[in-house]
Amino acid sequence: MGFFSKMKNFVTGGGAEVTIEPIEPALGGPFQVKIHAAIEDADVEIKEVYLKVASMETVIIKDVEIARMIDEKMETVREDIENTTTVHDQKIEVTGPQTLKANEEYDWETTVTLPDNALPSFIGITAKHEWKLMAGLDTSGNDPDSGWVIIHLS
């Protein structure tokens, strides 16, 4: 692998493709998450494999009248106002430091236990509460990760 390919992986989080598979996620008890990493054409030194668990509550107030400066003139406009709050934020260390070999695939499994007061997923008319998961490989530069995956918990 050339210098520019290594630099691209450092900046973009390349070098591995990470996917996750939640197994029967639900409130009221622990559930399993499978993490899979397919390493590209160079070894990847990692500090850890991690799983992030988060829930976000979003409230939208529709068609609110707001005064705004437009072309140096105060005008009234109507728009939706949205606010998102993080309700739950958790990071689980799945495994510690290791070298993942080029062109190999790796699998890990971890258990997610949510607090007893965890809210269920819902989508209402003016509010929603979403749960999401993301697995990543902690390495120098930008971590290769699965991206956020929304799950439904009830």
# chains A, B, ... in the order shown; residues from 1 in each chain; ligands from 1

call {"tool": "closest_atom_pairs", "arguments": {"of": "range 11-32 of chain A", "to": "range 110-120 of chain A", "cutoff": "10 Å", "atoms": "only C-alpha atoms", "output": "tab-separated table"}}
result
residue	atom	partner	partner_atom	distance
A:Pro22	CA	A:Val112	CA	9.4
A:Ile23	CA	A:Thr111	CA	9.7
A:Pro25	CA	A:Val112	CA	8.8
A:Ala26	CA	A:Pro120	CA	8.7
A:Leu27	CA	A:Pro120	CA	7.1
A:Gly28	CA	A:Asp116	CA	6.9
A:Gly29	CA	A:Thr113	CA	6.5
A:Pro30	CA	A:Thr113	CA	4.5
A:Phe31	CA	A:Val112	CA	5.4
A:Gln32	CA	A:Thr111	CA	4.6

call {"tool": "closest_atom_pairs", "arguments": {"of": "range 21-65 of chain A", "to": "range 140-146 of chain A", "cutoff": "12 Å", "atoms": "only C-alpha atoms", "output": "tab-separated table"}}
result
residue	atom	partner	partner_atom	distance
A:Glu21	CA	A:Ser146	CA	10.2
A:Lys34	CA	A:Ser146	CA	11.6
A:Ile35	CA	A:Ser146	CA	8.9
A:His36	CA	A:Ser146	CA	9.2
A:Ala37	CA	A:Asp145	CA	9.0
A:Ala38	CA	A:Pro144	CA	10.5
A:Ile39	CA	A:Pro144	CA	10.0
A:Glu40	CA	A:Pro144	CA	11.1
A:Val44	CA	A:Ser140	CA	9.4
A:Glu45	CA	A:Ser140	CA	8.1
A:Ile46	CA	A:Ser140	CA	7.8
A:Lys47	CA	A:Ser140	CA	8.6
A:Glu48	CA	A:Asp143	CA	10.4
A:Val49	CA	A:Asp145	CA	9.6
A:Tyr50	CA	A:Asp145	CA	9.3
A:Leu51	CA	A:Asp145	CA	9.5
A:Lys52	CA	A:Asp145	CA	10.4

call {"tool": "write_last_selection", "arguments": {"atoms": "N, CA and C atoms", "output": "mmCIF file, in the first residue's frame"}}
result
data_model
loop_
_atom_site.group_PDB
_atom_site.id
_atom_site.type_symbol
_atom_site.label_atom_id
_atom_site.label_comp_id
_atom_site.auth_asym_id
_atom_site.auth_seq_id
_atom_site.Cartn_x
_atom_site.Cartn_y
_atom_site.Cartn_z
ATOM 1 N N GLU A 21 -24.837 -6.318 13.604
ATOM 2 C CA GLU A 21 -26.114 -7.032 13.550
ATOM 3 C C GLU A 21 -26.652 -7.161 14.968
ATOM 4 N N LYS A 34 -23.663 -8.404 17.143
ATOM 5 C CA LYS A 34 -22.522 -8.983 16.431
ATOM 6 C C LYS A 34 -21.845 -7.880 15.628
ATOM 7 N N ILE A 35 -20.514 -7.850 15.692
ATOM 8 C CA ILE A 35 -19.718 -6.868 14.956
ATOM 9 C C ILE A 35 -18.820 -7.635 13.999
ATOM 10 N N HIS A 36 -18.778 -7.187 12.744
ATOM 11 C CA HIS A 36 -17.956 -7.841 11.720
ATOM 12 C C HIS A 36 -17.049 -6.794 11.084
ATOM 13 N N ALA A 37 -15.781 -7.151 10.898
ATOM 14 C CA ALA A 37 -14.837 -6.254 10.221
ATOM 15 C C ALA A 37 -14.122 -7.034 9.121
ATOM 16 N N ALA A 38 -14.148 -6.473 7.918
ATOM 17 C CA ALA A 38 -13.402 -7.020 6.788
ATOM 18 C C ALA A 38 -12.251 -6.054 6.521
ATOM 19 N N ILE A 39 -11.030 -6.521 6.740
ATOM 20 C CA ILE A 39 -9.848 -5.679 6.613
ATOM 21 C C ILE A 39 -9.435 -5.634 5.143
ATOM 22 N N GLU A 40 -9.060 -4.445 4.699
ATOM 23 C CA GLU A 40 -8.666 -4.275 3.296
ATOM 24 C C GLU A 40 -7.227 -4.729 3.092
ATOM 25 N N VAL A 44 -4.197 -3.406 10.100
ATOM 26 C CA VAL A 44 -4.739 -2.264 10.831
ATOM 27 C C VAL A 44 -4.432 -2.458 12.316
ATOM 28 N N GLU A 45 -3.665 -1.537 12.888
ATOM 29 C CA GLU A 45 -3.366 -1.545 14.324
ATOM 30 C C GLU A 45 -4.521 -0.830 15.034
ATOM 31 N N ILE A 46 -5.160 -1.521 15.979
ATOM 32 C CA ILE A 46 -6.274 -0.891 16.696
ATOM 33 C C ILE A 46 -5.990 -0.836 18.186
ATOM 34 N N LYS A 47 -6.572 0.174 18.825
ATOM 35 C CA LYS A 47 -6.499 0.293 20.280
ATOM 36 C C LYS A 47 -7.648 -0.474 20.925
ATOM 37 N N GLU A 48 -8.792 -0.536 20.207
ATOM 38 C CA GLU A 48 -9.955 -1.268 20.702
ATOM 39 C C GLU A 48 -10.998 -1.384 19.602
ATOM 40 N N VAL A 49 -11.912 -2.333 19.807
ATOM 41 C CA VAL A 49 -13.167 -2.400 19.052
ATOM 42 C C VAL A 49 -14.221 -1.919 20.033
ATOM 43 N N TYR A 50 -15.078 -0.993 19.588
ATOM 44 C CA TYR A 50 -16.082 -0.439 20.499
ATOM 45 C C TYR A 50 -17.458 -0.446 19.856
ATOM 46 N N LEU A 51 -18.458 -0.370 20.723
ATOM 47 C CA LEU A 51 -19.848 -0.224 20.295
ATOM 48 C C LEU A 51 -20.418 0.967 21.026
ATOM 49 N N LYS A 52 -20.983 1.906 20.268
ATOM 50 C CA LYS A 52 -21.671 3.048 20.873
ATOM 51 C C LYS A 52 -23.173 2.797 20.797
#

call {"tool": "select_by_dssp", "arguments": {"residues": "range 45-125 of chain A", "states": "strand (DSSP E or B)", "output": "PyMOL selection string"}}
result
chain A and resi 45-46+48-70+73-95+98-100+105-112+122-123

call {"tool": "atom_distance", "arguments": {"atom1": "CA of Met134 in chain A", "atom2": "CA of Trp148 in chain A"}}
result
4.8 Å

call {"tool": "closest_residue", "arguments": {"among": "A:Glu82, A:Glu130, A:Asp107, A:Asp138", "to": "Leu153 in chain A", "atoms": "only C-alpha atoms"}}
result
A:Glu130
